[in-house]
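Remarks on the structure that follows.
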Amino acid sequence: MPVQCSSCSEKRAVLKRPKTGHSLCKECFFWAFEEEIHQTIVSAKLFKPGESVGIAASGGKDSTVLAHVMKVLNERYSYGLELMLLSVDEGITGYRDDSLETVKRNQQQYELPLKIVSYEELYGWTMDAIVKQVGLKNNCTFCGVFRRQALDRGAIMLKVDKICTGHNADDVAETVLMNVLRGDIARLRRCTAISTDSENEGVVPRCKPLKYAYEKEIVLYAYFKKLDYFSTECIYSPNAYRGYARTYLKDLESVRPSSIMDVIHSGENLSVREGVKMPVQGTCSRCGYISSQKLCKACVLLEGLNRGLPKLGIGKHHRFHDKILSQQPLTEEEERKLKAVDF
Ligand code: SF4
Ligand code: ZN
């Protein structure tokens, strides 16, 4: 027997909301999904009228839904924001080149300006070249660190006041679990924040309007709205550790859908005991980017790539920072250890 929409009681329900279990028609689902994001934006005061906002756009479902919903809400509630799309081209043949075509179509569909920054122009290395040198085990470390800075640099070029990213509730919950499992207290404290209000120069504040949106609902929204997005996985995607956290979370969700929100709330309410040593934020002596060490992670990774010592930025090698800065050569033994790619 057809089920009525539990919200309007007029139309036929086409889905059961993964987050609440409510049976809804298409229009009521769109409304509920968009309103929740609006509430998130308003209650966390994510934007101010007149601000320009760069939407980090990869062409994937999250950022496509983010761009679409931001445009809808900006018009519906007169946020007064100037929206733009900001994409990073990591240089991954057969993946990013195709997904960027999607972003270019989104640019036309949403009539938003688009800026693409590439690893090649910023660092002189594409991910294809990095994988050739470092293999497929630590490539995501390079990619993640480089992307963070690339987005900032792109945002500075675009002169935007803020960046918003498509991180969804599942991503945040996974990150909480990963940081618990790794005992990474500094990240654990930061990872549930909906926005970073960095006072550091050169770092553009970021926020996550989809922080409480379930991945399953993002997929449903994109599907029913017939949004144009790219759904292929990165060809260099081993990231095994996050994969385990993801599988675990999906198992929990299938037993109890509120698990995702529960993990986020646990993360939000954790407080760190006084006296626990935290890294002190400073700036990189080479490029000026924020860093708790003399050199930022991107500069060390880049130095490792350029010297043919890919292990330099993997793990803790802070003791080499002074040598790198003063351009002193490493000993043969040190070089031998850092050259190995069997890590
Ligand atoms: Fe980069 Fe790894 Fe993501 Fe691929 S899976 S885009 S290599 S971080
Ligand atoms: Zn640096």
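In the structure tokens, chains take letters A, B, ... by order of appearance, with residues numbered from 1 within each chain and ligands from 1 in the order shown.
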
Any chance you could tabulate, as CSV, the residues of chain A at most 9 Å from ligand 1 with each one's nearest atom pair and distance in Å to one decimal, using only C-alpha atoms and all ligand atoms, in chain and rising number order?
```
residue,atom,partner,partner_atom_place_in_ligand_line,distance
A:Glu90,CA,ligand 1,6 (S),7.0
A:Ile92,CA,ligand 1,4 (Fe),7.8
A:Tyr95,CA,ligand 1,6 (S),8.5
A:Arg96,CA,ligand 1,6 (S),7.8
A:Met127,CA,ligand 1,7 (S),6.8
A:Asp128,CA,ligand 1,7 (S),9.0
A:Val131,CA,ligand 1,7 (S),8.4
A:Leu136,CA,ligand 1,7 (S),8.5
A:Asn138,CA,ligand 1,2 (Fe),8.5
A:Asn139,CA,ligand 1,7 (S),5.6
A:Cys140,CA,ligand 1,2 (Fe),3.7
A:Thr141,CA,ligand 1,8 (S),6.9
A:Phe142,CA,ligand 1,8 (S),7.6
A:Cys143,CA,ligand 1,1 (Fe),4.5
A:Gly144,CA,ligand 1,8 (S),5.1
A:Val145,CA,ligand 1,8 (S),8.7
A:Arg147,CA,ligand 1,1 (Fe),8.1
A:Glu233,CA,ligand 1,5 (S),7.5
A:Cys234,CA,ligand 1,4 (Fe),4.6
A:Ile235,CA,ligand 1,4 (Fe),6.5
A:Tyr236,CA,ligand 1,4 (Fe),4.9
A:Ser237,CA,ligand 1,5 (S),3.8
A:Pro238,CA,ligand 1,5 (S),6.7
A:Asn239,CA,ligand 1,2 (Fe),6.6
```

Could you list, as number ranges by chain, all protein and nucleic acid residues with an atom at most 8 Å from ligand 2, counting only C-alpha atoms and all ligand atoms?
A: 283-291, 295-300

Just N, CA and C atoms for this one: save the residues we selected as a compact mmCIF listing (two decimals), in the first residue's frame.
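Resulting contents of result.txt:
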```
# COMPACT_ATOMS: atom_id res chain seq x y z
N THR A 283 54.52 29.98 12.47
CA THR A 283 54.49 30.02 11.00
C THR A 283 55.73 29.36 10.44
N CYS A 284 55.59 28.85 9.24
CA CYS A 284 56.69 28.17 8.56
C CYS A 284 57.77 29.19 8.19
N SER A 285 59.02 28.87 8.52
CA SER A 285 60.12 29.81 8.23
C SER A 285 60.36 29.95 6.73
N ARG A 286 59.88 28.99 5.96
CA ARG A 286 60.14 29.08 4.52
C ARG A 286 59.01 29.77 3.76
N CYS A 287 57.76 29.32 3.99
CA CYS A 287 56.67 29.86 3.15
C CYS A 287 55.69 30.73 3.92
N GLY A 288 55.80 30.76 5.24
CA GLY A 288 54.94 31.64 6.03
C GLY A 288 53.59 31.04 6.39
N TYR A 289 53.33 29.81 5.94
CA TYR A 289 52.05 29.16 6.25
C TYR A 289 52.04 28.75 7.72
N ILE A 290 50.82 28.60 8.33
CA ILE A 290 50.78 28.20 9.74
C ILE A 290 51.46 26.85 9.93
N SER A 291 52.17 26.74 11.03
CA SER A 291 52.87 25.49 11.31
C SER A 291 53.25 25.45 12.78
N LEU A 295 59.31 24.26 9.98
CA LEU A 295 58.85 24.17 8.58
C LEU A 295 57.46 23.56 8.56
N CYS A 296 56.61 24.04 7.66
CA CYS A 296 55.29 23.43 7.58
C CYS A 296 55.41 22.08 6.88
N LYS A 297 54.36 21.29 7.03
CA LYS A 297 54.38 19.94 6.48
C LYS A 297 54.55 19.96 4.95
N ALA A 298 53.90 20.91 4.30
CA ALA A 298 53.99 20.96 2.84
C ALA A 298 55.43 21.22 2.40
N CYS A 299 56.12 22.14 3.09
CA CYS A 299 57.50 22.46 2.71
C CYS A 299 58.41 21.26 2.92
N VAL A 300 58.18 20.50 4.01
CA VAL A 300 59.03 19.34 4.26
C VAL A 300 58.75 18.24 3.22
```

Those in range 96-171 of chain A with strand (DSSP E) from DSSP, as a PyMOL selection string
chain A and resi 114-118+162-164

What would the file look like if the residues just selected were written as a PDB file, in the first residue's frame with C-alpha atoms?
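Result went into out-v7.pdb, see below:
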```pdb
ATOM      1  CA  LEU A 114      35.236  29.329 -10.929  1.00  0.00           C
ATOM      2  CA  LYS A 115      38.925  29.294 -10.029  1.00  0.00           C
ATOM      3  CA  ILE A 116      41.066  26.192 -10.442  1.00  0.00           C
ATOM      4  CA  VAL A 117      44.477  25.960  -8.765  1.00  0.00           C
ATOM      5  CA  SER A 118      46.754  23.083  -9.629  1.00  0.00           C
ATOM      6  CA  LYS A 162      35.665  32.390   3.658  1.00  0.00           C
ATOM      7  CA  ILE A 163      35.872  28.917   2.223  1.00  0.00           C
ATOM      8  CA  CYS A 164      33.114  26.395   2.749  1.00  0.00           C
TER       9      CYS A 164
END
```

Nearby residues (only C-alpha atoms) at most 10 Å from Trp125 in chain A, same-chain spacing under 2 positions excluded, as a ChimeraX atom specification
/A:90-91,118-123,127-130,302,305-306

A:Tyr110, A:Phe33, A:Phe47, A:Phe224 ranked by distance to Lys71 in chain A, top pick (using only C-alpha atoms):
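The answer is A:Tyr110, which sits nearest to Lys71 in chain A.
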
Using DSSP on the backbone coordinates, identify the residues of range 178-265 of chain A assigned to alpha helix (DSSP H); present them as a ChimeraX atom specification.
/A:178-182,185-191,215-224,240-255,259-265

Near-Tyr214 in chain A list (10 Å; only C-alpha atoms; drop same-chain fewer than 5 positions) as a list in words
Arg17, Pro18, Lys19, Phe33, Asn168, Ala169, Asp170, Asp171, Val219, Leu220, Pro257, Ile260 and Met261 of chain A

Suppose we keep all heavy atoms; can you now write the selection as a JSON list (two decimals), in the first residue's frame?
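Below is the file that was written, again32.json:
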```
[["chain", "number", "residue", "atom", "x", "y", "z"],
["A", 17, "ARG", "N", 13.48, 8.96, 5.32],
["A", 17, "ARG", "CA", 14.70, 9.74, 5.63],
["A", 17, "ARG", "C", 15.67, 8.92, 6.48],
["A", 17, "ARG", "O", 15.31, 8.49, 7.59],
["A", 17, "ARG", "CB", 14.34, 10.99, 6.43],
["A", 17, "ARG", "CG", 14.10, 12.19, 5.60],
["A", 17, "ARG", "CD", 14.13, 13.44, 6.44],
["A", 17, "ARG", "NE", 15.50, 13.91, 6.64],
["A", 17, "ARG", "CZ", 15.81, 15.01, 7.32],
["A", 17, "ARG", "NH1", 14.89, 15.74, 7.88],
["A", 17, "ARG", "NH2", 17.08, 15.38, 7.44],
["A", 18, "PRO", "N", 16.89, 8.71, 5.99],
["A", 18, "PRO", "CA", 17.85, 7.94, 6.78],
["A", 18, "PRO", "C", 18.11, 8.54, 8.16],
["A", 18, "PRO", "O", 18.34, 7.81, 9.13],
["A", 18, "PRO", "CB", 19.13, 7.99, 5.93],
["A", 18, "PRO", "CG", 18.65, 8.23, 4.54],
["A", 18, "PRO", "CD", 17.43, 9.07, 4.67],
["A", 19, "LYS", "N", 18.02, 9.85, 8.28],
["A", 19, "LYS", "CA", 18.37, 10.49, 9.55],
["A", 19, "LYS", "C", 17.26, 10.35, 10.60],
["A", 19, "LYS", "O", 17.53, 10.17, 11.78],
["A", 19, "LYS", "CB", 18.63, 11.97, 9.28],
["A", 19, "LYS", "CG", 19.35, 12.71, 10.39],
["A", 19, "LYS", "CD", 19.71, 14.09, 9.88],
["A", 19, "LYS", "CE", 20.48, 14.89, 10.89],
["A", 19, "LYS", "NZ", 20.81, 16.21, 10.34],
["A", 33, "PHE", "N", 15.65, 18.94, 4.21],
["A", 33, "PHE", "CA", 17.10, 18.87, 4.05],
["A", 33, "PHE", "C", 17.70, 20.28, 3.97],
["A", 33, "PHE", "O", 18.67, 20.60, 4.65],
["A", 33, "PHE", "CB", 17.40, 18.06, 2.77],
["A", 33, "PHE", "CG", 18.86, 17.87, 2.48],
["A", 33, "PHE", "CD1", 19.57, 16.83, 3.08],
["A", 33, "PHE", "CD2", 19.54, 18.71, 1.60],
["A", 33, "PHE", "CE1", 20.92, 16.64, 2.80],
["A", 33, "PHE", "CE2", 20.88, 18.52, 1.32],
["A", 33, "PHE", "CZ", 21.57, 17.48, 1.92],
["A", 168, "ASN", "N", 30.61, 16.26, 5.34],
["A", 168, "ASN", "CA", 29.28, 15.92, 5.85],
["A", 168, "ASN", "C", 29.38, 15.26, 7.23],
["A", 168, "ASN", "O", 30.49, 15.10, 7.76],
["A", 168, "ASN", "CB", 28.54, 15.03, 4.84],
["A", 168, "ASN", "CG", 29.27, 13.72, 4.59],
["A", 168, "ASN", "OD1", 29.82, 13.11, 5.50],
["A", 168, "ASN", "ND2", 29.30, 13.29, 3.33],
["A", 169, "ALA", "N", 28.23, 14.90, 7.80],
["A", 169, "ALA", "CA", 28.21, 14.34, 9.15],
["A", 169, "ALA", "C", 29.03, 13.05, 9.24],
["A", 169, "ALA", "O", 29.76, 12.83, 10.21],
["A", 169, "ALA", "CB", 26.76, 14.07, 9.57],
["A", 170, "ASP", "N", 28.95, 12.22, 8.20],
["A", 170, "ASP", "CA", 29.70, 10.95, 8.22],
["A", 170, "ASP", "C", 31.20, 11.23, 8.26],
["A", 170, "ASP", "O", 31.95, 10.57, 8.98],
["A", 170, "ASP", "CB", 29.39, 10.11, 6.97],
["A", 170, "ASP", "CG", 27.93, 9.73, 6.87],
["A", 170, "ASP", "OD1", 27.08, 10.64, 6.97],
["A", 170, "ASP", "OD2", 27.63, 8.53, 6.69],
["A", 171, "ASP", "N", 31.64, 12.22, 7.46],
["A", 171, "ASP", "CA", 33.08, 12.57, 7.44],
["A", 171, "ASP", "C", 33.54, 13.02, 8.82],
["A", 171, "ASP", "O", 34.61, 12.62, 9.29],
["A", 171, "ASP", "CB", 33.35, 13.75, 6.48],
["A", 171, "ASP", "CG", 33.02, 13.42, 5.04],
["A", 171, "ASP", "OD1", 33.18, 12.25, 4.66],
["A", 171, "ASP", "OD2", 32.60, 14.33, 4.30],
["A", 219, "VAL", "N", 23.22, 11.91, -0.93],
["A", 219, "VAL", "CA", 23.08, 11.11, -2.15],
["A", 219, "VAL", "C", 21.63, 11.15, -2.65],
["A", 219, "VAL", "O", 21.37, 11.34, -3.84],
["A", 219, "VAL", "CB", 23.53, 9.64, -1.90],
["A", 219, "VAL", "CG1", 23.26, 8.77, -3.11],
["A", 219, "VAL", "CG2", 25.01, 9.59, -1.54],
["A", 220, "LEU", "N", 20.68, 11.02, -1.72],
["A", 220, "LEU", "CA", 19.26, 11.06, -2.12],
["A", 220, "LEU", "C", 18.89, 12.43, -2.70],
["A", 220, "LEU", "O", 18.18, 12.52, -3.69],
["A", 220, "LEU", "CB", 18.36, 10.78, -0.90],
["A", 220, "LEU", "CG", 18.28, 9.33, -0.42],
["A", 220, "LEU", "CD1", 17.54, 9.26, 0.91],
["A", 220, "LEU", "CD2", 17.57, 8.48, -1.47],
["A", 257, "PRO", "N", 20.66, 4.48, 13.41],
["A", 257, "PRO", "CA", 21.00, 5.62, 12.55],
["A", 257, "PRO", "C", 21.53, 6.84, 13.29],
["A", 257, "PRO", "O", 22.29, 7.62, 12.74],
["A", 257, "PRO", "CB", 19.68, 5.94, 11.85],
["A", 257, "PRO", "CG", 18.90, 4.67, 11.89],
["A", 257, "PRO", "CD", 19.30, 3.99, 13.16],
["A", 260, "ILE", "N", 25.72, 8.32, 14.01],
["A", 260, "ILE", "CA", 26.57, 9.34, 13.38],
["A", 260, "ILE", "C", 26.51, 10.63, 14.19],
["A", 260, "ILE", "O", 27.54, 11.21, 14.55],
["A", 260, "ILE", "CB", 26.13, 9.57, 11.91],
["A", 260, "ILE", "CG1", 26.39, 8.30, 11.10],
["A", 260, "ILE", "CG2", 26.86, 10.76, 11.30],
["A", 260, "ILE", "CD1", 25.89, 8.35, 9.68],
["A", 261, "MET", "N", 25.28, 11.06, 14.51],
["A", 261, "MET", "CA", 25.14, 12.29, 15.30],
["A", 261, "MET", "C", 25.70, 12.09, 16.71],
["A", 261, "MET", "O", 26.30, 12.99, 17.28],
["A", 261, "MET", "CB", 23.65, 12.69, 15.40],
["A", 261, "MET", "CG", 23.08, 13.19, 14.12],
["A", 261, "MET", "SD", 23.92, 14.67, 13.52],
["A", 261, "MET", "CE", 22.95, 15.90, 14.31]]
```

Could you check the closest approach to Ile264 in chain A for each of A:Asp152, A:Tyr212, A:Asp89, A:Glu34 and tell me which residue wins, using only C-alpha atoms?
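The answer is A:Tyr212, which sits nearest to Ile264 in chain A.
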